Structure formats: structure tokens, C-alpha cells
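Structure file target_25.cif with mmCIF, C-alpha atoms (C1' of nucleotides):
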```
data_coords
#
loop_
_atom_site.label_atom_id
_atom_site.label_comp_id
_atom_site.auth_asym_id
_atom_site.auth_seq_id
_atom_site.Cartn_x
_atom_site.Cartn_y
_atom_site.Cartn_z
CA MET A 99 -119.46 -36.29 -120.65
CA ALA A 100 -117.62 -33.02 -121.07
CA PRO A 101 -120.42 -30.49 -121.14
CA ASN A 102 -117.76 -27.84 -121.79
CA ASN A 103 -116.77 -27.42 -125.44
CA ASN A 104 -118.58 -29.48 -128.06
CA ARG A 105 -121.11 -26.80 -128.86
CA GLU A 106 -119.42 -26.46 -132.20
CA THR A 107 -119.16 -30.18 -132.71
CA GLN A 108 -122.79 -30.68 -131.91
CA SER A 109 -123.97 -27.98 -134.23
CA VAL A 110 -121.94 -29.21 -137.18
CA LEU A 111 -123.33 -32.66 -136.70
CA GLN A 112 -126.88 -31.47 -136.23
CA HIS A 113 -126.57 -29.33 -139.28
CA TRP A 114 -125.59 -32.15 -141.59
CA HIS A 115 -127.82 -34.77 -140.07
CA ARG A 116 -130.94 -32.68 -140.47
CA ASP A 117 -131.43 -32.31 -144.16
CA VAL A 118 -128.81 -32.19 -146.83
CA PRO A 119 -130.29 -30.65 -149.95
CA ASN A 120 -129.36 -32.55 -153.02
CA ASP A 121 -127.60 -29.61 -154.61
CA ARG A 122 -125.33 -28.56 -151.79
CA MET A 123 -122.24 -30.70 -152.15
CA ALA A 124 -120.20 -27.52 -151.93
CA HIS A 125 -121.08 -27.04 -148.28
CA MET A 126 -120.07 -30.49 -147.28
CA VAL A 127 -116.74 -30.11 -149.05
CA ARG A 128 -116.19 -26.81 -147.30
CA ASP A 129 -117.07 -28.17 -143.86
CA ALA A 130 -114.91 -31.22 -144.38
CA SER A 131 -112.04 -29.05 -145.54
CA ARG A 132 -112.24 -26.80 -142.50
CA LEU A 133 -112.39 -29.71 -140.11
CA LEU A 134 -109.49 -31.48 -141.81
CA ALA A 135 -107.42 -28.33 -141.57
CA LYS A 136 -108.30 -27.90 -137.93
CA SER A 137 -107.45 -31.49 -137.06
CA LEU A 138 -104.07 -31.32 -138.72
CA GLN A 139 -103.39 -27.88 -137.31
CA GLY A 140 -103.97 -29.12 -133.80
CA ARG A 141 -101.42 -31.87 -134.29
CA LEU A 142 -98.85 -29.68 -136.04
CA ALA A 143 -99.06 -27.03 -133.36
CA ASP A 144 -97.33 -29.38 -130.95
CA HIS A 145 -94.27 -29.05 -133.19
CA ASP A 146 -94.56 -25.31 -133.78
CA VAL A 147 -95.44 -25.75 -137.45
CA SER A 148 -98.43 -24.01 -138.98
CA PHE A 149 -100.76 -25.58 -141.47
CA GLY A 150 -99.51 -23.28 -144.23
CA HIS A 151 -95.87 -24.11 -143.61
CA TRP A 152 -96.59 -27.78 -143.58
CA SER A 153 -97.99 -27.71 -147.10
CA PHE A 154 -94.70 -26.34 -148.43
CA LEU A 155 -92.55 -28.62 -146.32
CA ARG A 156 -94.42 -31.55 -147.74
CA ILE A 157 -93.48 -30.58 -151.28
CA LEU A 158 -89.88 -29.84 -150.37
CA TRP A 159 -89.46 -33.22 -148.70
CA VAL A 160 -90.00 -34.68 -152.18
CA THR A 161 -88.15 -32.08 -154.25
CA GLU A 162 -85.74 -29.43 -153.05
CA GLY A 163 -84.48 -26.58 -155.14
CA LEU A 164 -87.79 -25.56 -156.70
CA THR A 165 -88.27 -21.85 -157.32
CA GLN A 166 -90.93 -19.92 -155.49
CA ARG A 167 -93.06 -19.91 -158.59
CA GLU A 168 -92.71 -23.65 -159.04
CA LEU A 169 -93.59 -24.15 -155.41
CA SER A 170 -96.68 -22.00 -155.84
CA GLU A 171 -97.84 -24.14 -158.72
CA GLU A 172 -97.12 -27.35 -156.90
CA ALA A 173 -98.96 -26.18 -153.80
CA GLY A 174 -101.81 -24.73 -155.86
CA VAL A 175 -101.64 -21.29 -154.29
CA MET A 176 -100.80 -17.84 -155.61
CA GLU A 177 -97.31 -16.42 -155.37
CA PRO A 178 -97.88 -13.90 -152.60
CA THR A 179 -99.13 -16.74 -150.42
CA THR A 180 -95.98 -18.67 -151.13
CA PHE A 181 -93.80 -15.64 -150.60
CA THR A 182 -95.23 -14.87 -147.19
CA ALA A 183 -95.03 -18.47 -146.04
CA LEU A 184 -91.46 -18.93 -147.26
CA LYS A 185 -90.25 -15.72 -145.65
CA ALA A 186 -91.65 -16.91 -142.35
CA MET A 187 -90.20 -20.37 -142.85
CA GLU A 188 -86.82 -18.85 -143.58
CA ALA A 189 -87.03 -16.85 -140.37
CA LYS A 190 -87.81 -20.07 -138.53
CA GLN A 191 -84.82 -21.69 -140.18
CA LEU A 192 -86.84 -24.40 -141.85
CA ILE A 193 -85.65 -23.42 -145.35
CA GLU A 194 -83.05 -21.38 -147.21
CA ARG A 195 -83.69 -19.27 -150.29
CA ARG A 196 -80.79 -19.16 -152.74
CA HIS A 197 -79.99 -17.74 -156.13
CA LEU A 198 -78.35 -20.31 -158.40
CA ASN A 199 -75.99 -19.99 -161.37
CA GLY A 200 -75.87 -16.24 -161.16
CA ASN A 201 -79.58 -15.92 -161.91
CA ARG A 202 -80.69 -13.09 -159.68
CA ARG A 203 -84.35 -13.43 -160.53
CA LYS A 204 -85.24 -16.97 -159.60
CA LEU A 205 -85.04 -17.96 -155.96
CA HIS A 206 -84.58 -21.64 -155.25
CA ILE A 207 -85.76 -23.13 -152.01
CA PHE A 208 -83.81 -25.66 -149.97
CA LEU A 209 -84.56 -27.31 -146.67
CA THR A 210 -82.32 -26.80 -143.68
CA ASP A 211 -81.41 -29.86 -141.64
CA LYS A 212 -84.09 -28.79 -139.22
CA GLY A 213 -86.69 -28.61 -141.97
CA ARG A 214 -85.62 -31.93 -143.39
CA ALA A 215 -85.74 -33.63 -140.01
CA LEU A 216 -89.37 -32.69 -139.54
CA LYS A 217 -90.43 -35.07 -142.28
CA ASP A 218 -90.39 -38.15 -140.08
CA VAL A 219 -92.13 -36.30 -137.29
CA LEU A 220 -94.90 -34.61 -139.24
CA THR A 221 -95.77 -37.10 -141.95
CA PRO A 222 -97.40 -39.51 -139.49
CA LEU A 223 -99.58 -36.70 -138.20
CA ALA A 224 -101.08 -36.07 -141.63
CA GLU A 225 -101.56 -39.78 -142.14
CA ASP A 226 -103.24 -39.94 -138.80
CA VAL A 227 -105.73 -37.25 -139.74
CA ASN A 228 -106.57 -39.04 -142.97
CA ARG A 229 -107.00 -42.29 -141.10
CA VAL A 230 -109.25 -40.74 -138.48
CA ALA A 231 -111.30 -38.88 -141.07
CA LEU A 232 -111.95 -41.95 -143.19
CA ALA A 233 -112.62 -44.42 -140.39
CA GLY A 234 -115.50 -46.66 -141.31
CA VAL A 235 -115.47 -45.77 -145.01
CA SER A 236 -114.95 -48.71 -147.35
CA GLU A 237 -112.10 -48.77 -149.81
CA GLU A 238 -114.60 -48.78 -152.62
CA ASP A 239 -116.34 -45.66 -151.34
CA ARG A 240 -113.01 -43.92 -150.83
CA THR A 241 -112.15 -44.55 -154.45
CA THR A 242 -115.50 -43.29 -155.65
CA THR A 243 -115.15 -40.19 -153.52
CA ARG A 244 -111.64 -39.56 -154.79
CA ASN A 245 -112.87 -39.82 -158.36
CA THR A 246 -115.76 -37.47 -157.71
CA LEU A 247 -113.44 -34.94 -156.12
CA LEU A 248 -111.07 -35.26 -159.03
CA ALA A 249 -113.92 -34.64 -161.46
CA MET A 250 -114.97 -31.60 -159.43
CA ILE A 251 -111.45 -30.24 -159.42
CA ASP A 252 -111.22 -30.68 -163.19
CA ASN A 253 -114.61 -29.13 -163.84
CA LEU A 254 -113.98 -26.18 -161.57
CA ALA A 255 -110.48 -25.49 -162.85
CA ILE A 256 -111.95 -25.20 -166.33
CA ASP A 257 -114.83 -23.08 -165.06
CA ASN A 258 -112.50 -20.70 -163.24
CA ALA A 259 -110.25 -20.39 -166.25
CA ALA A 260 -113.29 -19.54 -168.39
CA GLU A 261 -114.44 -16.96 -165.85
CA SER A 262 -111.14 -15.18 -165.71
CA LYS A 263 -110.99 -15.17 -169.50
CA ILE A 264 -114.32 -13.38 -169.59
CA ASP A 265 -113.11 -10.89 -167.02
CA SER A 266 -110.10 -9.96 -169.09
CA ASN A 267 -112.29 -9.29 -172.14
CA ASP A 268 -113.27 -5.82 -170.96
CA MET B 105 -106.91 -20.65 -176.93
CA ALA B 106 -106.11 -18.07 -174.28
CA PRO B 107 -102.43 -18.56 -173.58
CA ASN B 108 -102.85 -15.90 -170.89
CA ASN B 109 -104.03 -17.20 -167.54
CA ASN B 110 -104.53 -20.93 -167.09
CA ARG B 111 -101.14 -21.47 -165.56
CA GLU B 112 -102.88 -22.15 -162.31
CA THR B 113 -105.52 -24.29 -163.93
CA GLN B 114 -102.91 -26.36 -165.69
CA SER B 115 -100.87 -26.95 -162.60
CA VAL B 116 -103.81 -28.01 -160.49
CA LEU B 117 -104.81 -30.51 -163.12
CA GLN B 118 -101.29 -31.77 -163.65
CA HIS B 119 -100.87 -32.13 -159.95
CA TRP B 120 -103.86 -34.37 -159.47
CA HIS B 121 -103.49 -36.33 -162.65
CA ARG B 122 -99.95 -37.38 -161.87
CA ASP B 123 -100.20 -39.54 -158.83
CA VAL B 124 -102.73 -39.35 -156.06
CA PRO B 125 -101.36 -41.14 -153.03
CA ASN B 126 -103.93 -43.30 -151.40
CA ASP B 127 -103.75 -41.50 -148.11
CA ARG B 128 -104.14 -37.94 -149.25
CA MET B 129 -107.86 -37.40 -149.49
CA ALA B 130 -107.38 -34.28 -147.41
CA HIS B 131 -105.60 -32.52 -150.23
CA MET B 132 -108.28 -33.22 -152.75
CA VAL B 133 -110.93 -31.95 -150.38
CA ARG B 134 -108.92 -28.82 -149.78
CA ASP B 135 -108.33 -28.18 -153.47
CA ALA B 136 -111.95 -28.81 -154.31
CA SER B 137 -113.03 -26.50 -151.52
CA ARG B 138 -110.82 -23.67 -152.72
CA LEU B 139 -111.97 -24.03 -156.29
CA LEU B 140 -115.62 -24.16 -155.27
CA ALA B 141 -115.18 -21.01 -153.24
CA LYS B 142 -113.45 -19.27 -156.09
CA SER B 143 -116.10 -20.23 -158.61
CA LEU B 144 -118.91 -18.98 -156.44
CA GLN B 145 -116.99 -15.88 -155.47
CA GLY B 146 -116.55 -14.95 -159.11
CA ARG B 147 -120.27 -15.17 -159.69
CA LEU B 148 -121.25 -13.36 -156.48
CA ALA B 149 -118.84 -10.53 -157.18
CA ASP B 150 -121.08 -9.39 -160.05
CA HIS B 151 -123.67 -8.58 -157.39
CA ASP B 152 -121.29 -7.03 -154.88
CA VAL B 153 -121.72 -9.87 -152.40
CA SER B 154 -118.72 -11.62 -150.88
CA PHE B 155 -118.49 -15.32 -150.27
CA GLY B 156 -118.61 -14.83 -146.51
CA HIS B 157 -121.73 -12.70 -146.66
CA TRP B 158 -123.46 -15.16 -148.92
CA SER B 159 -123.14 -17.94 -146.38
CA PHE B 160 -125.06 -15.91 -143.81
CA LEU B 161 -127.62 -14.64 -146.28
CA ARG B 162 -128.32 -18.23 -147.21
CA ILE B 163 -129.23 -19.09 -143.64
CA LEU B 164 -131.28 -15.96 -143.16
CA TRP B 165 -133.32 -16.64 -146.28
CA VAL B 166 -134.58 -19.73 -144.47
CA THR B 167 -134.83 -18.33 -140.93
CA GLU B 168 -134.75 -14.69 -139.86
CA GLY B 169 -134.41 -13.53 -136.31
CA LEU B 170 -131.64 -15.86 -135.23
CA THR B 171 -129.12 -14.46 -132.77
CA GLN B 172 -125.50 -13.99 -133.74
CA ARG B 173 -124.58 -17.03 -131.76
CA GLU B 174 -127.25 -19.15 -133.41
CA LEU B 175 -126.08 -17.93 -136.79
CA SER B 176 -122.52 -18.88 -135.92
CA GLU B 177 -123.60 -22.39 -135.08
CA GLU B 178 -125.71 -22.71 -138.17
CA ALA B 179 -122.91 -21.46 -140.39
CA GLY B 180 -120.34 -23.56 -138.57
CA VAL B 181 -117.99 -20.67 -137.86
CA MET B 182 -116.78 -18.99 -134.69
CA GLU B 183 -118.48 -15.94 -133.29
CA PRO B 184 -115.90 -13.31 -134.21
CA THR B 185 -116.23 -14.42 -137.82
CA THR B 186 -119.96 -13.95 -137.63
CA PHE B 187 -119.63 -10.66 -135.85
CA THR B 188 -117.32 -9.19 -138.48
CA ALA B 189 -119.44 -10.41 -141.36
CA LEU B 190 -122.68 -9.15 -139.85
CA LYS B 191 -121.28 -5.72 -139.05
CA ALA B 192 -120.22 -5.39 -142.68
CA MET B 193 -123.56 -6.69 -143.89
CA GLU B 194 -125.34 -4.19 -141.70
CA ALA B 195 -123.24 -1.41 -143.20
CA LYS B 196 -124.23 -2.64 -146.65
CA GLN B 197 -127.85 -2.61 -145.54
CA LEU B 198 -128.36 -6.29 -146.20
CA ILE B 199 -129.43 -6.98 -142.60
CA GLU B 200 -130.55 -5.31 -139.39
CA ARG B 201 -129.47 -6.26 -135.88
CA ARG B 202 -132.16 -5.82 -133.23
CA HIS B 203 -132.63 -6.47 -129.54
CA LEU B 204 -135.95 -8.15 -128.81
CA ASN B 205 -138.21 -8.19 -125.76
CA GLY B 206 -135.94 -5.92 -123.76
CA ASN B 207 -133.12 -8.48 -123.80
CA ARG B 208 -130.03 -6.35 -124.22
CA ARG B 209 -127.65 -9.27 -124.56
CA LYS B 210 -128.94 -11.21 -127.53
CA LEU B 211 -128.90 -9.56 -130.92
CA HIS B 212 -131.34 -10.91 -133.46
CA ILE B 213 -130.64 -10.63 -137.15
CA PHE B 214 -133.22 -9.70 -139.75
CA LEU B 215 -132.94 -9.20 -143.48
CA THR B 216 -133.66 -5.87 -145.08
CA ASP B 217 -135.79 -5.86 -148.21
CA LYS B 218 -132.56 -5.56 -150.14
CA GLY B 219 -131.08 -8.59 -148.45
CA ARG B 220 -134.25 -10.56 -148.92
CA ALA B 221 -134.47 -9.70 -152.58
CA LEU B 222 -131.04 -11.13 -153.26
CA LYS B 223 -132.33 -14.64 -152.65
CA ASP B 224 -133.77 -15.08 -156.12
CA VAL B 225 -130.70 -13.56 -157.70
CA LEU B 226 -127.99 -15.43 -155.82
CA THR B 227 -129.49 -18.86 -155.25
CA PRO B 228 -129.19 -19.81 -158.92
CA LEU B 229 -125.53 -18.88 -158.86
CA ALA B 230 -124.77 -21.38 -156.11
CA GLU B 231 -126.82 -24.01 -157.89
CA ASP B 232 -124.91 -23.26 -161.04
CA VAL B 233 -121.59 -23.85 -159.32
CA ASN B 234 -122.78 -27.17 -157.94
CA ARG B 235 -124.06 -28.17 -161.35
CA VAL B 236 -120.80 -27.22 -163.08
CA ALA B 237 -118.68 -28.92 -160.44
CA LEU B 238 -120.57 -32.20 -160.62
CA ALA B 239 -120.97 -32.40 -164.39
CA GLY B 240 -120.40 -35.94 -165.55
CA VAL B 241 -120.71 -37.48 -162.09
CA SER B 242 -123.45 -40.08 -161.75
CA GLU B 243 -126.20 -39.71 -159.20
CA GLU B 244 -124.94 -42.85 -157.51
CA ASP B 245 -121.40 -41.51 -157.18
CA ARG B 246 -122.72 -38.22 -155.87
CA THR B 247 -124.58 -40.05 -153.15
CA THR B 248 -121.54 -42.11 -152.23
CA THR B 249 -119.40 -39.00 -152.11
CA ARG B 250 -121.93 -37.19 -149.97
CA ASN B 251 -121.98 -40.10 -147.55
CA THR B 252 -118.20 -40.23 -147.38
CA LEU B 253 -118.01 -36.51 -146.72
CA LEU B 254 -120.65 -36.85 -144.04
CA ALA B 255 -118.66 -39.63 -142.41
CA MET B 256 -115.53 -37.49 -142.55
CA ILE B 257 -117.34 -34.55 -140.99
CA ASP B 258 -118.63 -36.77 -138.21
CA ASN B 259 -115.27 -38.37 -137.57
CA LEU B 260 -113.40 -35.09 -137.57
CA ALA B 261 -115.90 -33.26 -135.40
CA ILE B 262 -115.40 -35.96 -132.80
CA ASP B 263 -111.62 -35.86 -133.25
CA ASN B 264 -111.49 -32.11 -132.84
CA ALA B 265 -113.67 -32.22 -129.77
CA ALA B 266 -111.34 -34.83 -128.26
CA GLU B 267 -108.30 -32.71 -129.10
CA SER B 268 -109.67 -29.57 -127.49
CA LYS B 269 -110.65 -31.59 -124.45
CA ILE B 270 -107.04 -32.76 -124.08
CA ASP B 271 -105.81 -29.20 -124.44
CA SER B 272 -107.96 -27.97 -121.62
CA ASN B 273 -106.63 -30.68 -119.30
CA ASP B 274 -103.44 -28.74 -118.53
"C1'" DC C 225 -76.67 -4.58 -178.93
"C1'" DC C 226 -80.45 -2.39 -177.03
"C1'" DA C 227 -85.32 -1.53 -176.46
"C1'" DA C 228 -89.50 -3.92 -175.62
"C1'" DT C 229 -91.46 -7.73 -173.42
"C1'" DA C 230 -91.88 -11.26 -170.17
"C1'" DA C 231 -90.76 -13.61 -165.90
"C1'" DT C 232 -90.11 -13.53 -161.08
"C1'" DC C 233 -90.27 -11.83 -156.85
"C1'" DT C 234 -92.18 -8.33 -153.67
"C1'" DT C 235 -95.42 -4.99 -151.61
"C1'" DA C 236 -99.95 -3.37 -150.47
"C1'" DG C 237 -104.31 -4.12 -149.16
"C1'" DA C 238 -108.59 -7.09 -148.86
"C1'" DT C 239 -111.38 -11.24 -147.25
"C1'" DA C 240 -112.25 -15.23 -144.42
"C1'" DT C 241 -111.15 -17.43 -140.81
"C1'" DA C 242 -109.34 -18.57 -135.95
"C1'" DT C 243 -108.06 -18.06 -130.70
"C1'" DA C 244 -107.76 -15.45 -126.58
"C1'" DA C 245 -109.34 -12.14 -123.76
"C1'" DG C 246 -112.53 -8.26 -122.45
"C1'" DT C 247 -117.28 -6.18 -121.53
"C1'" DT C 248 -121.88 -6.21 -120.64
"C1'" DT C 249 -126.07 -8.38 -119.35
"C1'" DA C 250 -128.85 -12.49 -117.58
"C1'" DT C 251 -129.40 -16.20 -114.67
"C1'" DT C 252 -128.66 -18.97 -110.74
"C1'" DT C 253 -127.92 -20.00 -106.11
"C1'" DG C 254 -126.52 -19.52 -101.26
"C1'" DC D 38 -131.64 -10.45 -103.15
"C1'" DA D 39 -126.81 -10.08 -103.97
"C1'" DA D 40 -122.76 -12.35 -105.36
"C1'" DA D 41 -121.06 -15.74 -108.42
"C1'" DT D 42 -121.50 -17.75 -112.72
"C1'" DA D 43 -122.64 -18.06 -117.37
"C1'" DA D 44 -124.08 -16.26 -121.85
"C1'" DA D 45 -123.58 -13.15 -125.61
"C1'" DC D 46 -121.36 -9.86 -127.92
"C1'" DT D 47 -117.00 -7.33 -128.96
"C1'" DT D 48 -112.04 -6.31 -129.48
"C1'" DA D 49 -107.45 -7.54 -130.48
"C1'" DT D 50 -104.45 -10.15 -132.91
"C1'" DA D 51 -102.86 -13.98 -135.91
"C1'" DT D 52 -102.97 -17.15 -140.04
"C1'" DA D 53 -104.13 -18.36 -144.72
"C1'" DT D 54 -105.52 -16.89 -148.57
"C1'" DC D 55 -106.48 -13.69 -152.60
"C1'" DT D 56 -106.00 -9.71 -156.35
"C1'" DA D 57 -103.67 -5.79 -158.08
"C1'" DA D 58 -99.79 -3.37 -158.80
"C1'" DG D 59 -94.67 -2.38 -158.30
"C1'" DA D 60 -89.61 -3.50 -158.85
"C1'" DT D 61 -86.04 -6.02 -160.67
"C1'" DT D 62 -83.89 -9.09 -163.82
"C1'" DA D 63 -83.82 -12.10 -168.19
"C1'" DT D 64 -84.94 -12.82 -172.73
"C1'" DT D 65 -86.00 -11.68 -177.38
"C1'" DG D 66 -86.50 -9.37 -181.77
"C1'" DG D 67 -85.44 -5.59 -184.62
#
```

What is this file in C-alpha cells?
Amino acid sequence: MAPNNNRETQSVLQHWHRDVPNDRMAHMVRDASRLLAKSLQGRLADHDVSFGHWSFLRILWVTEGLTQRELSEEAGVMEPTTFTALKAMEAKQLIERRHLNGNRRKLHIFLTDKGRALKDVLTPLAEDVNRVALAGVSEEDRTTTRNTLLAMIDNLAIDNAAESKIDSND
Amino acid sequence: MAPNNNRETQSVLQHWHRDVPNDRMAHMVRDASRLLAKSLQGRLADHDVSFGHWSFLRILWVTEGLTQRELSEEAGVMEPTTFTALKAMEAKQLIERRHLNGNRRKLHIFLTDKGRALKDVLTPLAEDVNRVALAGVSEEDRTTTRNTLLAMIDNLAIDNAAESKIDSND
DNA sequence: CCAATAATCTTAGATATATAAGTTTATTTG
DNA sequence: CAAATAAACTTATATATCTAAGATTATTGG
């Protein structure tokens, strides 16, 4: 069936089903991350929302009025990333950027009605991707995996902080 | 200790330690993936090798002479990505691109001595990152996590193939 | 209160990735 | 065997991300 695309699919599967060296967790995480992004992206594209914009919308649906810096921290990306995304989102009239209380440094971000309305449309798409991705995985294994990922995130955050400390010791 | 950087570190940790919704595995995978990349990148930078180049070197250390297309499949990336990386790697004299047997279409990739010699230098760095990332995680949990990731990769590869099939039905 | 410092946003430029479309070369088939 | 098709590489362009450095505005300490 469908001899057309699927070259990529096949090769990813082949790759991981051959031999997975015991010390290469990083590759699996990377592959999974790319595929997750692609799956969500495909669904979001139907609503003219990019993957990057979605990650900020998601935060704003919970809390409006955060500054760009706060949004960066919440999203776990650097400020220029946030800046670029928010400028584009402003142009698309998903958000507004406003100075509050006469503070001309901080920029607070608010959703437009359009941006707010997307919540009910897009949230199910992300849930769908998670559901598809985890099909056939037991609740117990999901929990274990979540804990492992959490441990990795902790370990690596510390490692990266240590690295950048060394760098600045020149 | 070091009140300088660590803002990022702190926020990533805070973020994940607050509340992890049951249906948001995707975010953890994405965060872990970014941090893994950053950790390795920091180590590779000392040897003037980028993260992208490393992923091709790694394949070539096992098998030289693959075509660009084969390398793309093995690395799990699209051909333009491979093309750009390999051109840069050729310029850095890490690889050579050669036509074989008079076939002027396929380009086969071979390591230079310089590229080959990097294996013993860089491999430990990747192993180091994996070791750091997984510190404190039991062998059993690692296996479970690997299996979950493998299931996710399988599920998503199928999902993406289905999506692109729908797209081409216009 | 004002000069130094810090915070915040912005700009510039790099890397890693993708999709879409173009070019060249091989292969297949009427 | 020549035209059509397919394979492989390349170019163009876009998105998501980063680091480094610049500009502006607040805050703080003498």
C-alpha cells in the first residue's frame, strides 16, 4: 500500500529496530522529539499556526500578561526566540504587546480574542498527538518514562549550568 | 554559588517540578532533547565540530561510502539537511564526496584521515553526555524508557506517513 | 540626585532543520 | 533505442532555535 512516501518512515523504523546500543538514549529522544514536532505541526498547519507559536499560545491560555522574559522562561527558550515568535504572532493578531503602569521596559503579552479562541481548537490536536504517540504503552511504563525524562532534564540542566560556568571562567 | 547564569536552569527545573500534566509527554521529550543537544554541543565545540556534523560523522565511522541519500535515511533527516552539512564538512576537510564506477548521479561519502581520527576523540563525549543524563536512573527504568521511546517512534512514524498520504490526496 | 549597574527588549548572524521546486543523470518501457 | 519516468543531487526559501552584542529604561548606592 502506498509505495509513494514512507521511505522516511521505513528508514526510521529500520534504524531503531536493528540495534540500539545501550548508551544511545540521546538518539531516541531526539528522533522522538522530531517526530512529535512533525505530527503536531501537521495538525496545526490546518489552522495556520506554527509549532513555535503554539508553544507560546499554550502558556498564554493559562496566564496572560506575562512579560517576554517571563514567557521565555516558561517556554524554556532564549529571549530572541521569544521575541521573534511574538512579533510574528502580533502581526497575525494572535496577541498584543503592551506596556503597563508606565513601565517602558517590560512588555506584557495578552491574547487577542482570536488567539484566545484557538484554545478550544488546538488543545485537542496536541492531546491527539500524545494519545497517538503513546498508544499501546501501559500507564506504568508512561510513568516510568516520565520519571526518567524528568531525571534527565534535571541532570542535564545542572550539567549545562556547570559547563557555562566553566566557559565564563576565562 | 554562581549567581550569574542559571536563570534558564532554574526555570526549566521549576517548570517540570511544579505540575506535569498527564498528557504532556511531548514537552518532556522536547525539553530533554534540547538539553541533550546543548550538552553535547558544548563538548563538541571544544573540537570545532558542530552537533549536525557529529551526527553524520557518527554514521560514517561505522560505514563509509554511503551515498548522500543513504546517509539522509540513516541519520533520519531530509536530503537538503544532509547536503548542507556534507558541503560544510567537505570544506572543513572532514569528508570527501566521490562518484564511483562512472555513476555521475550518486555521490559517495568517505572520511578523510582527519575525520576518521575524530572518532576516538568525540565518541567519549557523547558517551559522557548519556552517562551524565542518566545518572541515578536504574537499568530497569532505562530499558522501560527506551521501549516507550521506541513505541512512540513507531507510532509517530506511522502517524506521519498517514498524514502525508492524506495531504497528497488533494 | 546622579552615576553606575542591572534588567529588558532588540538586532545581527549562525546552526539545524524542513518543504517545494529545479537540474542532471539513470533506468525503464513502448 | 528514444521518450517517459524515476532517482539523486542541488537551490531557494522558511521555521525554530541559539549566542553575542547593542539600545533603552529602571534601579541602586554613594

Excluding stretch 212-226 of chain A and any residue of its chain fewer than 4 positions from it, enumerate the residues within 7 Å of it, using all atoms listed in the file, and give them as an MDAnalysis selection string.
(chainID A and resid 138 141 159 192:193 230) or (chainID B and resid 127)

Give me, as a compact mmCIF listing (two decimals) with C-alpha atoms (C1' of nucleotides), keeping the file's coordinate frame, all polymer residues having an atom no more than 10 Å from D:DA58, counting only C-alpha atoms (C1' of nucleotides) and skipping those fewer than 2 positions away in the same chain.
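Dumped to result08.txt:
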```txt
# COMPACT_ATOMS: atom_id res chain seq x y z
C1' DT C 235 -95.42 -4.99 -151.61
C1' DA C 236 -99.95 -3.37 -150.47
C1' DT D 56 -106.00 -9.71 -156.35
```

Open item on the list: Selection in question (the file shown): the PyMOL selection byres ((chain B) within 7 of (chain A)). Which residues does it include, as a count of residues only?
Closed with: 43

message: For this structure, which residues satisfy the selection - the PyMOL selection byres ((chain C) within 9 of (chain A)) - when it is evaluated on the file as given? I want them as a count of residues only.
response: 4

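Taking only C-alpha atoms (C1' of nucleotides) into account, chain D lies nearest to A:Val147 out of the set A:Val160, A:Leu169, A:Val147, A:Ile207.
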
From the list D:DT52, D:DA43, D:DG67, D:DC38, the nearest residue to chain A using all atoms listed in the file is D:DT52

Edge lengths and centre in Å to one decimal, as JSON, of the axis-aligned box that encloses all listed atoms of stretch 215-229 of chain A with 5 Å added on every side?
```
{"center_x": -96.4, "center_y": -37.5, "center_z": -140.1, "size_x": 31.3, "size_y": 19.6, "size_z": 15.7}
```
